[in-house]
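Enquirer: Shown below is the structure under consideration.
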Amino acid sequence: MKRSTTLIGGLIIAVAITACEVPKSPDFTTSQKIEAPILLNKTYQMIGSGQNVFIDTTKSDFDSLFTFDGDNFITIAKDEQFDFGNLDDAIPTVSVSPTTFNAEVGSLEIGSFSSASGNLGEASFADLTGIGASPNQGDPVPPQTVSPQITIDLNTDRFESADFSSGALEIRLTNNLGFNLDDITVTLVSSPAGGPDTDIATDATPFLADGSEGVVVLDLAGQTVANPQVRVSINWTSPAGSPQTFQRSPQSLVVNNAEGVGLTASSITAALDPQSFNSSGNSSFSNSEFSFTAADHYVEVSSGQLLLQNIVNQMGVGVEVLEISFPGILAPPYDPSDSLVVSFSGANAIAANSVNPGTAIDLGAYRIYAQGDQIQYNINAITEDTQNSLVTITETDQVSADIGVVNLEISFARGIVEAQNVLLGDDDPSNGVDVLDLFNDLESQLTEIDGLADFSSKIDGFEFNNPSISFNYSTNIGVSTTVYGVIWGRNANNESLFLTGDLGSPFEVTASDPVTGLTANGSDIQPLNLIKFDVQSATDENNTSTASVTFDTDNTNVAEFLNNLPNEIRFIGKALINENGEEGFIQSPVEFDPTISVQIPLAFSTPDAATFSDTTEDNRSSFEDLPSVEKDDDYVIKEGSIILDYQNGLPLALDISINLLDENYNLITSIPDGVNGIQFGPAGVDANNFASGTFNDQLQISLSESQLQQLYKTVFIELNATVITNNNSEVRIRTSDSVSISARAELVVENEVKGN
């Protein structure tokens with residue numbers, strides 16, 4: 001059974017009755033012209049928000065993809081902060097070779113031989129003169145007839161024996177014999193126990209009046225003396241014609257004192273005054289990662305210890321004070337007077353013939369200056385005063401100790417940081433130590449440019465002019481640094497590309513560059529797929545350096561890279577620190593905080609056709625009541641066309657095609673039904689390649705019988721615009737650039753009325 005369809009009033013814009021005479025036969029045909037709106041004054045802005053834009057920047061994929069300047073000039077922009085984690089591997093490891101110092105006591109100084117005062121021994125008047133009777137004051141002194149040598153056993157309770165190296169023994173004597181002497185001859189005698197006596201040295205006094213003191217100086221250099229005695233004899237003059245007279249009753253010749261004068265020994269058994277001795281030496285720093293080549297080079301320590309261990313005193317005398325100073329290790333505020341001094345004294349004094357476990361000094365906040373990679377130390381020691389106790393000691397006896405600097409962590413280093421590679425990111429040992437793999441998500445820095453996948457589906461065929469990728473960074477590294485990296489991008493179609501430096505550019509990496517360990521799925525990435533750039537060093541330790549490195553079309557393949565519209569960019573890299581061994585500084589924590597910035601200005605050319613695509617919302621109400629022979633309707637569309645009115649404000653020519661789609665988005669028909677589309681002319685451009693004005697026109701496209709009968713199936717309308725710049729020249733797009741389109745169907749509908 002046939003059904004009649006009444007066209008909905010909203011669908012019919014105008015009705016024209018083309019046959020209104022009374023038919024001569026029972027059957028007649030009516031003809032009506034109707035207009036069906038397809039697109040009502042739809043304006044497509046190039047980029048904007050909401051509906052009717054080619055690219056809707058409010059969509060979640062696009063909300064951070066575009067930036068706009070004051071002239072509505074559009075740039076695709078994406079900034080991504082890289083997190084390289086802890087880069088303190090760049091801080092050099094500074095180690096000190098363990099050192100043992102040996103401080104020998106050296107030449108031993110000897111002072112007083114006796115604790116007694118005023119009388120170390122004496123010789124009597126009778127023994128020295130041979131005069132038997134004891135004269136009285138005023139008696140004449142007889143002429144000298146004999147000169148006996150009298151041995152005086154000295155009281156040298158502070159001295160037993162010694163091998164003397166230099167100096168002399170000074171002996172003081174007092175003439176208490178009651179008359180004047182021409183001189184006194186004194187010979188020092190060594191009387192070792194169980195051995196023969198040996199004369200060591202002889203000296204004589206000058207004229208010595210009664211009651212006065214005389215001095216003899218006995219040179220002991222190179223002599224060995226034990227249990228010393230002196231042998232004395234006297235000489236006097238008393239002529240018979242004018243003899244001396246005794247000035248008092250005679251007593252004796254007294255040895256008052258025995259004292260060393262510059263007297264040193266290589267070995268001695270004696271009661272010793274405090275002995276001072278010193279020594280100095282150096283500990284060596286390893287220069288494998290850092291070198292101190294100038295006086296102002298130093299490292300500042302954040303943590304670590306100076307160890308003084310196994311302090312051994314080999315001497316038979318205690319060390320009352322032991323000071324170990326390090327003039328190159330300074331505490332804040334780092335003046336020379338702030339040098340580190342470690343002292344053992346008082347309760348910590350080093351006992352005779354003992355081992356002291358030592359101590360550990362926290363070096364946190366200290367600075368270490370070590371020109372020539374040598375750290376100097378000085379040893380100053382003072383032995384105890386043995387009072388009246390005899391000790392045996394030799395000049396080779398020593399105090400020794402082990403010096404170590406351990407677990408040094410450096411917060412700052414100024415000097416020569418030796419060249420080293422530092423990983424920019426975490427190292428996953430599963431693919432090798434010091435090896436970074438591009439596709440290991442634990443090691444790779446991933447930048448996802450949200451929206452480029454959708455953008456690439458909206459735009460196809462454009463080539464962007466003057467795109468760029470920048471590394472914007474701040475750093476506190478004060479030595480030359482070169483970053484060797486891999487920048488790889490993949491688009492929504494799984495097409496990938498490496499960003500590389502042009503041949504001969506400063507960003508080109510060659511096989512001779514010192515970088516290895518950058519891989520992709522376990523295979524080495526070849527140098528031609530790498531890129532490098534230098535990092536601008538910080539000028540001082542208190543300020544960071546902020547700079548930018550831009551990869552543009554003058555020095556890299558960035559145009560090809562970004563025209564691939566990568567929605568995923570991966571980076572791995574290494575930093576080569578101080579490749580040329582220059583002076584500089586480095587500090588902890590190492591700061592290198594780069595942001596990768598992708599900038600794609602919407603200034604482009606189209607060497608091949610580029611396309612936009614847009615699909616309307618559900619549009620079935622405009623078509624579902626249209627008649628068709630396929631529905632066995634009484635009304636039949638006999639002819640029809642599409643009328644397009646447009647105003648093109650884009651500096652681009654457009655080739656338009658309209659696809660009518662059913663409810664499942666299946667193609668019903670294309671308008672026009674052929675290879676070529678509908679041509680929209682471009683707007684003119686100004687001197688800056690922006691659109692100036694609009695290009696306005698109206699076009700009519702006839703529909704075939706087949707197309708007419710399928711119109712009723714239409715639910716969605718897909719608009720495809722293929723664009724191309726004039727002669728592939730560059731044009732620039734504003735956010736406000738748009739094209740306005742009105743489309744309507746003009747249809748002729750007939751209805752055959754049958755007679756009864």
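Chains: A, B, ... in order of the structure tokens. Residues: from 1 per chain. Ligands: from 1, in order shown.
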Please provide the set of residues having any atom within 8 Å of stretch 158-170 of chain A, restricted to only C-alpha atoms, with same-chain residues fewer than 5 positions apart removed, written as a ChimeraX atom specification.
Expert: /A:107,112-115,215-228,257-272,388-390
Enquirer: Give me the residues near A:Asn356 as a JSON list (two decimals) with N, CA and C atoms, in the first residue's frame, where near means some atom within 10 Å (using only C-alpha atoms) and where sequence neighbours in that chain fewer than 4 positions away do not count.
Expert:
```json
[["chain", "number", "residue", "atom", "x", "y", "z"],
["A", 308, "LEU", "N", 93.13, 10.32, 63.17],
["A", 308, "LEU", "CA", 94.47, 10.18, 63.71],
["A", 308, "LEU", "C", 94.45, 8.94, 64.59],
["A", 309, "GLN", "N", 95.12, 7.89, 64.13],
["A", 309, "GLN", "CA", 95.00, 6.60, 64.79],
["A", 309, "GLN", "C", 96.38, 6.01, 65.07],
["A", 310, "ASN", "N", 96.38, 5.08, 66.02],
["A", 310, "ASN", "CA", 97.59, 4.32, 66.34],
["A", 310, "ASN", "C", 98.77, 5.25, 66.62],
["A", 311, "ILE", "N", 98.59, 6.13, 67.57],
["A", 311, "ILE", "CA", 99.67, 7.05, 67.95],
["A", 311, "ILE", "C", 100.62, 6.28, 68.86],
["A", 312, "VAL", "N", 101.79, 6.00, 68.34],
["A", 312, "VAL", "CA", 102.76, 5.15, 69.04],
["A", 312, "VAL", "C", 103.92, 6.01, 69.52],
["A", 313, "ASN", "N", 104.18, 5.96, 70.81],
["A", 313, "ASN", "CA", 105.34, 6.64, 71.39],
["A", 313, "ASN", "C", 106.39, 5.58, 71.70],
["A", 344, "PHE", "N", 97.08, 16.68, 71.70],
["A", 344, "PHE", "CA", 97.03, 15.67, 72.76],
["A", 344, "PHE", "C", 97.86, 16.19, 73.92],
["A", 348, "ASN", "N", 95.08, 13.65, 77.93],
["A", 348, "ASN", "CA", 95.28, 12.90, 76.67],
["A", 348, "ASN", "C", 96.73, 12.85, 76.25],
["A", 349, "ALA", "N", 97.65, 13.23, 77.15],
["A", 349, "ALA", "CA", 99.06, 13.19, 76.81],
["A", 349, "ALA", "C", 99.48, 11.75, 76.48],
["A", 350, "ILE", "N", 100.53, 11.64, 75.67],
["A", 350, "ILE", "CA", 100.98, 10.33, 75.19],
["A", 350, "ILE", "C", 102.04, 9.80, 76.16],
["A", 351, "ALA", "N", 101.73, 8.74, 76.84],
["A", 351, "ALA", "CA", 102.65, 8.17, 77.84],
["A", 351, "ALA", "C", 103.85, 7.54, 77.17],
["A", 401, "ALA", "N", 102.08, 7.99, 63.89],
["A", 401, "ALA", "CA", 100.62, 7.89, 63.87],
["A", 401, "ALA", "C", 100.16, 7.72, 62.43]]
```
Enquirer: At a cut-off of 8 Å, using only C-alpha atoms, what residues contact A:Phe571? Leave out same-chain residues fewer than 4 positions from it and give the result as a PDB file with N, CA and C atoms, in the first residue's frame.
Expert:
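Contents of around09.pdb, freshly written:
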```pdb
ATOM      1  N   LEU A 438      66.443   4.550  25.390  1.00  0.00           N
ATOM      2  CA  LEU A 438      65.397   5.495  25.011  1.00  0.00           C
ATOM      3  C   LEU A 438      64.012   4.999  25.379  1.00  0.00           C
ATOM      4  N   SER A 444      64.088   7.277  30.554  1.00  0.00           N
ATOM      5  CA  SER A 444      63.783   8.262  29.523  1.00  0.00           C
ATOM      6  C   SER A 444      62.887   9.361  30.076  1.00  0.00           C
ATOM      7  N   GLN A 445      63.146  10.591  29.630  1.00  0.00           N
ATOM      8  CA  GLN A 445      62.265  11.713  29.926  1.00  0.00           C
ATOM      9  C   GLN A 445      61.200  11.772  28.831  1.00  0.00           C
ATOM     10  N   LEU A 446      59.946  11.641  29.227  1.00  0.00           N
ATOM     11  CA  LEU A 446      58.845  11.561  28.271  1.00  0.00           C
ATOM     12  C   LEU A 446      58.043  12.848  28.309  1.00  0.00           C
ATOM     13  N   GLY A 485      72.614  14.217  23.782  1.00  0.00           N
ATOM     14  CA  GLY A 485      71.304  13.648  24.024  1.00  0.00           C
ATOM     15  C   GLY A 485      70.666  13.041  22.795  1.00  0.00           C
ATOM     16  N   VAL A 486      69.568  12.352  23.064  1.00  0.00           N
ATOM     17  CA  VAL A 486      68.713  11.787  22.020  1.00  0.00           C
ATOM     18  C   VAL A 486      67.338  12.412  22.203  1.00  0.00           C
ATOM     19  N   ILE A 487      66.850  13.073  21.162  1.00  0.00           N
ATOM     20  CA  ILE A 487      65.498  13.634  21.163  1.00  0.00           C
ATOM     21  C   ILE A 487      64.743  12.946  20.031  1.00  0.00           C
ATOM     22  N   TRP A 488      63.765  12.184  20.413  1.00  0.00           N
ATOM     23  CA  TRP A 488      63.039  11.320  19.475  1.00  0.00           C
ATOM     24  C   TRP A 488      61.556  11.607  19.604  1.00  0.00           C
TER      25      TRP A 488
END
```
Enquirer: Please tabulate, as CSV, the residues of stretch 554-652 of chain A that come within 12 Å of stretch 404-426 of chain A, each with its closest pair of atoms and the distance in Å to one decimal, counting only C-alpha atoms and ordering rows by chain, then residue number upward.
Expert:
```
residue,atom,partner,partner_atom,distance
A:Phe571,CA,A:Leu424,CA,9.5
A:Ile572,CA,A:Leu424,CA,7.0
A:Gly573,CA,A:Leu424,CA,5.5
A:Lys574,CA,A:Leu423,CA,4.6
A:Ala575,CA,A:Val422,CA,5.1
A:Leu576,CA,A:Asn421,CA,4.6
A:Ile577,CA,A:Ala419,CA,5.3
A:Asn578,CA,A:Ala419,CA,4.9
A:Glu579,CA,A:Ala419,CA,4.8
A:Asn580,CA,A:Ala419,CA,7.2
A:Gly581,CA,A:Glu418,CA,5.9
A:Glu582,CA,A:Ile416,CA,6.0
A:Glu583,CA,A:Ile416,CA,4.8
A:Gly584,CA,A:Gly415,CA,5.6
A:Phe585,CA,A:Arg414,CA,4.2
A:Ile586,CA,A:Ala413,CA,5.5
A:Gln587,CA,A:Phe412,CA,4.1
A:Ser588,CA,A:Ser411,CA,4.8
A:Pro589,CA,A:Ser411,CA,7.4
A:Val590,CA,A:Ser411,CA,9.4
A:Glu591,CA,A:Leu424,CA,11.4
A:Phe592,CA,A:Leu424,CA,9.2
A:Asp593,CA,A:Leu424,CA,10.5
A:Pro594,CA,A:Leu424,CA,10.7
```
Enquirer: Next, dump the selected residues to file, keeping only N, CA, C and O atoms, as an mmCIF file, in the first residue's frame.
Expert:
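And here is the file that came out, out.cif:
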```cif
data_model
loop_
_atom_site.group_PDB
_atom_site.id
_atom_site.type_symbol
_atom_site.label_atom_id
_atom_site.label_comp_id
_atom_site.auth_asym_id
_atom_site.auth_seq_id
_atom_site.Cartn_x
_atom_site.Cartn_y
_atom_site.Cartn_z
ATOM 1 N N PHE A 571 63.497 11.786 25.629
ATOM 2 C CA PHE A 571 64.866 12.299 25.741
ATOM 3 C C PHE A 571 65.665 11.413 26.687
ATOM 4 O O PHE A 571 65.204 11.045 27.764
ATOM 5 N N ILE A 572 66.874 11.072 26.282
ATOM 6 C CA ILE A 572 67.886 10.530 27.174
ATOM 7 C C ILE A 572 69.173 11.275 26.885
ATOM 8 O O ILE A 572 69.375 11.795 25.783
ATOM 9 N N GLY A 573 70.046 11.353 27.871
ATOM 10 C CA GLY A 573 71.277 12.078 27.608
ATOM 11 C C GLY A 573 72.290 11.943 28.718
ATOM 12 O O GLY A 573 72.016 11.429 29.806
ATOM 13 N N LYS A 574 73.471 12.415 28.392
ATOM 14 C CA LYS A 574 74.567 12.470 29.345
ATOM 15 C C LYS A 574 75.202 13.855 29.256
ATOM 16 O O LYS A 574 75.213 14.486 28.196
ATOM 17 N N ALA A 575 75.716 14.309 30.391
ATOM 18 C CA ALA A 575 76.423 15.585 30.443
ATOM 19 C C ALA A 575 77.910 15.293 30.595
ATOM 20 O O ALA A 575 78.323 14.587 31.518
ATOM 21 N N LEU A 576 78.708 15.820 29.668
ATOM 22 C CA LEU A 576 80.158 15.689 29.749
ATOM 23 C C LEU A 576 80.687 16.920 30.475
ATOM 24 O O LEU A 576 80.591 18.044 29.980
ATOM 25 N N ILE A 577 81.209 16.677 31.668
ATOM 26 C CA ILE A 577 81.671 17.761 32.528
ATOM 27 C C ILE A 577 83.131 18.065 32.237
ATOM 28 O O ILE A 577 83.989 17.190 32.273
ATOM 29 N N ASN A 578 83.399 19.327 31.913
ATOM 30 C CA ASN A 578 84.764 19.867 31.803
ATOM 31 C C ASN A 578 85.658 19.023 30.899
ATOM 32 O O ASN A 578 86.729 18.559 31.294
ATOM 33 N N GLU A 579 85.208 18.860 29.681
ATOM 34 C CA GLU A 579 85.939 18.039 28.708
ATOM 35 C C GLU A 579 87.361 18.540 28.504
ATOM 36 O O GLU A 579 88.287 17.747 28.296
ATOM 37 N N ASN A 580 87.587 19.854 28.579
ATOM 38 C CA ASN A 580 88.902 20.421 28.278
ATOM 39 C C ASN A 580 89.744 20.681 29.522
ATOM 40 O O ASN A 580 90.814 21.288 29.431
ATOM 41 N N GLY A 581 89.285 20.228 30.676
ATOM 42 C CA GLY A 581 90.088 20.343 31.889
ATOM 43 C C GLY A 581 90.355 21.777 32.313
ATOM 44 O O GLY A 581 91.464 22.098 32.760
ATOM 45 N N GLU A 582 89.348 22.631 32.216
ATOM 46 C CA GLU A 582 89.519 24.033 32.578
ATOM 47 C C GLU A 582 89.211 24.258 34.059
ATOM 48 O O GLU A 582 88.495 23.486 34.692
ATOM 49 N N GLU A 583 89.747 25.347 34.584
ATOM 50 C CA GLU A 583 89.480 25.703 35.971
ATOM 51 C C GLU A 583 88.037 26.160 36.126
ATOM 52 O O GLU A 583 87.487 26.854 35.264
ATOM 53 N N GLY A 584 87.434 25.772 37.215
ATOM 54 C CA GLY A 584 86.051 26.177 37.469
ATOM 55 C C GLY A 584 85.607 25.670 38.821
ATOM 56 O O GLY A 584 86.431 25.336 39.683
ATOM 57 N N PHE A 585 84.291 25.610 38.998
ATOM 58 C CA PHE A 585 83.763 25.141 40.282
ATOM 59 C C PHE A 585 82.511 24.323 40.040
ATOM 60 O O PHE A 585 81.861 24.397 38.998
ATOM 61 N N ILE A 586 82.207 23.511 41.041
ATOM 62 C CA ILE A 586 80.985 22.708 41.022
ATOM 63 C C ILE A 586 80.529 22.556 42.455
ATOM 64 O O ILE A 586 81.362 22.546 43.379
ATOM 65 N N GLN A 587 79.221 22.496 42.671
ATOM 66 C CA GLN A 587 78.715 22.481 44.030
ATOM 67 C C GLN A 587 77.512 21.557 44.136
ATOM 68 O O GLN A 587 76.867 21.217 43.137
ATOM 69 N N SER A 588 77.246 21.175 45.368
ATOM 70 C CA SER A 588 76.133 20.279 45.659
ATOM 71 C C SER A 588 75.059 21.055 46.398
ATOM 72 O O SER A 588 75.363 21.854 47.288
ATOM 73 N N PRO A 589 73.775 20.836 46.058
ATOM 74 C CA PRO A 589 73.332 19.932 44.996
ATOM 75 C C PRO A 589 73.555 20.543 43.617
ATOM 76 O O PRO A 589 73.410 21.749 43.436
ATOM 77 N N VAL A 590 73.910 19.680 42.669
ATOM 78 C CA VAL A 590 74.078 20.150 41.298
ATOM 79 C C VAL A 590 72.712 20.498 40.728
ATOM 80 O O VAL A 590 71.786 19.692 40.790
ATOM 81 N N GLU A 591 72.597 21.700 40.204
ATOM 82 C CA GLU A 591 71.335 22.144 39.624
ATOM 83 C C GLU A 591 71.478 22.216 38.101
ATOM 84 O O GLU A 591 72.349 22.898 37.583
ATOM 85 N N PHE A 592 70.615 21.473 37.444
ATOM 86 C CA PHE A 592 70.463 21.598 35.994
ATOM 87 C C PHE A 592 69.007 21.272 35.711
ATOM 88 O O PHE A 592 68.618 20.113 35.685
ATOM 89 N N ASP A 593 68.220 22.315 35.579
ATOM 90 C CA ASP A 593 66.772 22.165 35.516
ATOM 91 C C ASP A 593 66.265 22.662 34.168
ATOM 92 O O ASP A 593 65.857 23.815 34.033
ATOM 93 N N PRO A 594 66.296 21.798 33.161
ATOM 94 C CA PRO A 594 65.850 22.245 31.846
ATOM 95 C C PRO A 594 64.353 22.045 31.636
ATOM 96 O O PRO A 594 63.728 21.160 32.216
#
```
Enquirer: Under the rule that only C-alpha atoms are counted, which of A:Val319, A:Leu177, A:Val141, A:Val94 is the nearest residue to A:Pro239?
Expert: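 Closest candidate: A:Val141.
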Enquirer: So, counting only C-alpha atoms, which residue among A:Asn175, A:Ser537, A:Gln710, A:Asn494 is closest to A:Ser480?
Expert: A:Ser537
Enquirer: Could you check how far atom CA of A:Asn466 sits from atom CA of A:Pro601, in Å to one decimal?
Expert: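 Atom CA of A:Asn466 sits 7.2 Å away from atom CA of A:Pro601.
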Enquirer: From the options A:Pro140, A:Gly328, A:Gly681, A:Gly649, which residue's atoms come nearest to A:Thr43, counting only C-alpha atoms?
Expert: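 The answer is A:Gly649, which sits nearest to A:Thr43.
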Enquirer: Looking only at the backbone, which of the residues in stretch 291-513 of chain A does DSSP tag as alpha helix (DSSP H), as a list in words?
Expert: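 Taking stretch 291-513 of chain A and keeping alpha helix (DSSP H) only, one gets Leu452, Ala453, Asp454, Phe455, Ser456, Ser457 and Lys458 of chain A.
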Enquirer: From a backbone DSSP assignment, name each residue in stretch 175-277 of chain A labelled strand (DSSP E), as number ranges by chain.
Expert: A: 175, 183-190, 198-204, 213-219, 224-226, 229-235, 252-270, 276-277
Enquirer: Here is a test: counting only C-alpha atoms, which residue of A:Asp88, A:Asp441, A:Asp273, A:Asp534 is nearest to A:Glu508?
Expert: A:Asp534
Enquirer: Please provide the set of residues having any atom within 7 Å of stretch 669-672 of chain A, restricted to only C-alpha atoms, with same-chain residues fewer than 5 positions apart removed, written as a PDB file with N, CA and C atoms, in the first residue's frame.
Expert:
```
ATOM      1  N   SER A 657      34.352  19.583  -0.037  1.00  0.00           N
ATOM      2  CA  SER A 657      33.471  18.466  -0.370  1.00  0.00           C
ATOM      3  C   SER A 657      32.596  18.188   0.837  1.00  0.00           C
ATOM      4  N   ILE A 658      31.343  17.771   0.546  1.00  0.00           N
ATOM      5  CA  ILE A 658      30.383  17.489   1.605  1.00  0.00           C
ATOM      6  C   ILE A 658      30.000  16.021   1.508  1.00  0.00           C
ATOM      7  N   ASN A 659      30.182  15.309   2.593  1.00  0.00           N
ATOM      8  CA  ASN A 659      29.790  13.905   2.653  1.00  0.00           C
ATOM      9  C   ASN A 659      28.537  13.780   3.504  1.00  0.00           C
ATOM     10  N   LEU A 660      27.521  13.134   2.947  1.00  0.00           N
ATOM     11  CA  LEU A 660      26.301  12.850   3.688  1.00  0.00           C
ATOM     12  C   LEU A 660      26.430  11.459   4.294  1.00  0.00           C
ATOM     13  N   GLY A 677      36.579  18.948  -5.977  1.00  0.00           N
ATOM     14  CA  GLY A 677      35.656  19.504  -5.015  1.00  0.00           C
ATOM     15  C   GLY A 677      35.115  20.840  -5.476  1.00  0.00           C
ATOM     16  N   ILE A 701      25.544  23.297  -7.171  1.00  0.00           N
ATOM     17  CA  ILE A 701      25.974  21.948  -7.563  1.00  0.00           C
ATOM     18  C   ILE A 701      24.719  21.119  -7.772  1.00  0.00           C
ATOM     19  N   GLN A 707      21.478  10.518  -5.982  1.00  0.00           N
ATOM     20  CA  GLN A 707      21.711  11.313  -4.781  1.00  0.00           C
ATOM     21  C   GLN A 707      20.402  11.835  -4.204  1.00  0.00           C
TER      22      GLN A 707
END
```
Enquirer: My list of candidates is A:Leu719, A:Thr174, A:Gly138, A:Gly194. Which is closest to A:Gln247 when distances are computed with only C-alpha atoms?
Expert: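 Among A:Leu719, A:Thr174, A:Gly138, A:Gly194, it is A:Gly138 that comes nearest to A:Gln247.
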Enquirer: Excluding A:Arg744 and any residue of its chain fewer than 6 positions from it, enumerate the residues within 9 Å of it, using only C-alpha atoms, and give them as a PDB file with all heavy atoms, in the first residue's frame.
Expert:
```
ATOM      1  N   GLU A  35      12.943  24.174  -0.419  1.00  0.00           N
ATOM      2  CA  GLU A  35      14.337  24.404  -0.009  1.00  0.00           C
ATOM      3  C   GLU A  35      14.564  23.707   1.334  1.00  0.00           C
ATOM      4  O   GLU A  35      13.788  23.905   2.271  1.00  0.00           O
ATOM      5  CB  GLU A  35      14.638  25.889   0.132  1.00  0.00           C
ATOM      6  CG  GLU A  35      14.666  26.626  -1.199  1.00  0.00           C
ATOM      7  CD  GLU A  35      15.063  28.085  -1.040  1.00  0.00           C
ATOM      8  OE1 GLU A  35      15.323  28.491   0.122  1.00  0.00           O
ATOM      9  OE2 GLU A  35      15.137  28.796  -2.044  1.00  0.00           O
ATOM     10  N   ALA A  36      15.613  22.933   1.411  1.00  0.00           N
ATOM     11  CA  ALA A  36      15.975  22.238   2.660  1.00  0.00           C
ATOM     12  C   ALA A  36      17.324  22.781   3.150  1.00  0.00           C
ATOM     13  O   ALA A  36      18.332  22.678   2.438  1.00  0.00           O
ATOM     14  CB  ALA A  36      16.064  20.744   2.425  1.00  0.00           C
ATOM     15  N   PRO A  37      17.384  23.370   4.340  1.00  0.00           N
ATOM     16  CA  PRO A  37      18.666  23.902   4.832  1.00  0.00           C
ATOM     17  C   PRO A  37      19.609  22.760   5.222  1.00  0.00           C
ATOM     18  O   PRO A  37      19.201  21.790   5.838  1.00  0.00           O
ATOM     19  CB  PRO A  37      18.261  24.719   6.051  1.00  0.00           C
ATOM     20  CG  PRO A  37      17.000  24.084   6.538  1.00  0.00           C
ATOM     21  CD  PRO A  37      16.282  23.578   5.313  1.00  0.00           C
ATOM     22  N   ILE A  38      20.812  22.915   4.806  1.00  0.00           N
ATOM     23  CA  ILE A  38      21.858  21.942   5.205  1.00  0.00           C
ATOM     24  C   ILE A  38      22.789  22.580   6.238  1.00  0.00           C
ATOM     25  O   ILE A  38      23.011  22.060   7.322  1.00  0.00           O
ATOM     26  CB  ILE A  38      22.652  21.458   3.976  1.00  0.00           C
ATOM     27  CG1 ILE A  38      21.707  20.727   3.012  1.00  0.00           C
ATOM     28  CG2 ILE A  38      23.792  20.561   4.393  1.00  0.00           C
ATOM     29  CD1 ILE A  38      22.371  20.304   1.722  1.00  0.00           C
ATOM     30  N   LEU A  39      23.335  23.748   5.894  1.00  0.00           N
ATOM     31  CA  LEU A  39      24.143  24.527   6.830  1.00  0.00           C
ATOM     32  C   LEU A  39      23.606  25.942   6.807  1.00  0.00           C
ATOM     33  O   LEU A  39      23.499  26.549   5.731  1.00  0.00           O
ATOM     34  CB  LEU A  39      25.629  24.537   6.429  1.00  0.00           C
ATOM     35  CG  LEU A  39      26.359  23.198   6.435  1.00  0.00           C
ATOM     36  CD1 LEU A  39      27.747  23.363   5.829  1.00  0.00           C
ATOM     37  CD2 LEU A  39      26.459  22.647   7.842  1.00  0.00           C
ATOM     38  N   LEU A  40      23.226  26.470   7.954  1.00  0.00           N
ATOM     39  CA  LEU A  40      22.674  27.814   8.023  1.00  0.00           C
ATOM     40  C   LEU A  40      23.750  28.775   8.535  1.00  0.00           C
ATOM     41  O   LEU A  40      24.060  28.803   9.725  1.00  0.00           O
ATOM     42  CB  LEU A  40      21.462  27.846   8.945  1.00  0.00           C
ATOM     43  CG  LEU A  40      20.196  27.143   8.407  1.00  0.00           C
ATOM     44  CD1 LEU A  40      19.099  27.176   9.455  1.00  0.00           C
ATOM     45  CD2 LEU A  40      19.730  27.798   7.121  1.00  0.00           C
ATOM     46  N   SER A 641      19.454  20.648  -6.469  1.00  0.00           N
ATOM     47  CA  SER A 641      20.838  21.146  -6.451  1.00  0.00           C
ATOM     48  C   SER A 641      21.160  21.689  -5.062  1.00  0.00           C
ATOM     49  O   SER A 641      20.271  21.968  -4.261  1.00  0.00           O
ATOM     50  CB  SER A 641      21.051  22.221  -7.514  1.00  0.00           C
ATOM     51  OG  SER A 641      20.183  23.318  -7.283  1.00  0.00           O
ATOM     52  N   ILE A 642      22.433  21.825  -4.811  1.00  0.00           N
ATOM     53  CA  ILE A 642      22.937  22.416  -3.572  1.00  0.00           C
ATOM     54  C   ILE A 642      23.440  23.808  -3.899  1.00  0.00           C
ATOM     55  O   ILE A 642      24.258  23.996  -4.821  1.00  0.00           O
ATOM     56  CB  ILE A 642      24.063  21.580  -2.956  1.00  0.00           C
ATOM     57  CG1 ILE A 642      23.584  20.163  -2.634  1.00  0.00           C
ATOM     58  CG2 ILE A 642      24.596  22.249  -1.692  1.00  0.00           C
ATOM     59  CD1 ILE A 642      22.491  20.083  -1.603  1.00  0.00           C
ATOM     60  N   ILE A 643      22.979  24.799  -3.143  1.00  0.00           N
ATOM     61  CA  ILE A 643      23.417  26.177  -3.309  1.00  0.00           C
ATOM     62  C   ILE A 643      24.336  26.517  -2.139  1.00  0.00           C
ATOM     63  O   ILE A 643      23.971  26.373  -0.968  1.00  0.00           O
ATOM     64  CB  ILE A 643      22.222  27.151  -3.328  1.00  0.00           C
ATOM     65  CG1 ILE A 643      21.183  26.704  -4.362  1.00  0.00           C
ATOM     66  CG2 ILE A 643      22.706  28.569  -3.613  1.00  0.00           C
ATOM     67  CD1 ILE A 643      21.689  26.636  -5.780  1.00  0.00           C
ATOM     68  N   LEU A 644      25.579  26.935  -2.447  1.00  0.00           N
ATOM     69  CA  LEU A 644      26.570  27.305  -1.430  1.00  0.00           C
ATOM     70  C   LEU A 644      26.855  28.792  -1.527  1.00  0.00           C
ATOM     71  O   LEU A 644      27.225  29.299  -2.601  1.00  0.00           O
ATOM     72  CB  LEU A 644      27.878  26.536  -1.631  1.00  0.00           C
ATOM     73  CG  LEU A 644      27.860  25.038  -1.333  1.00  0.00           C
ATOM     74  CD1 LEU A 644      29.205  24.424  -1.694  1.00  0.00           C
ATOM     75  CD2 LEU A 644      27.544  24.785   0.122  1.00  0.00           C
TER      76      LEU A 644
END
```
Enquirer: Using only C-alpha atoms, can you tell me which of A:Asp373, A:Glu630, A:Asp127, A:Glu705 comes closest to A:Tyr298?
Expert: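 With only C-alpha atoms as the atom set, the closest residue is A:Asp373.
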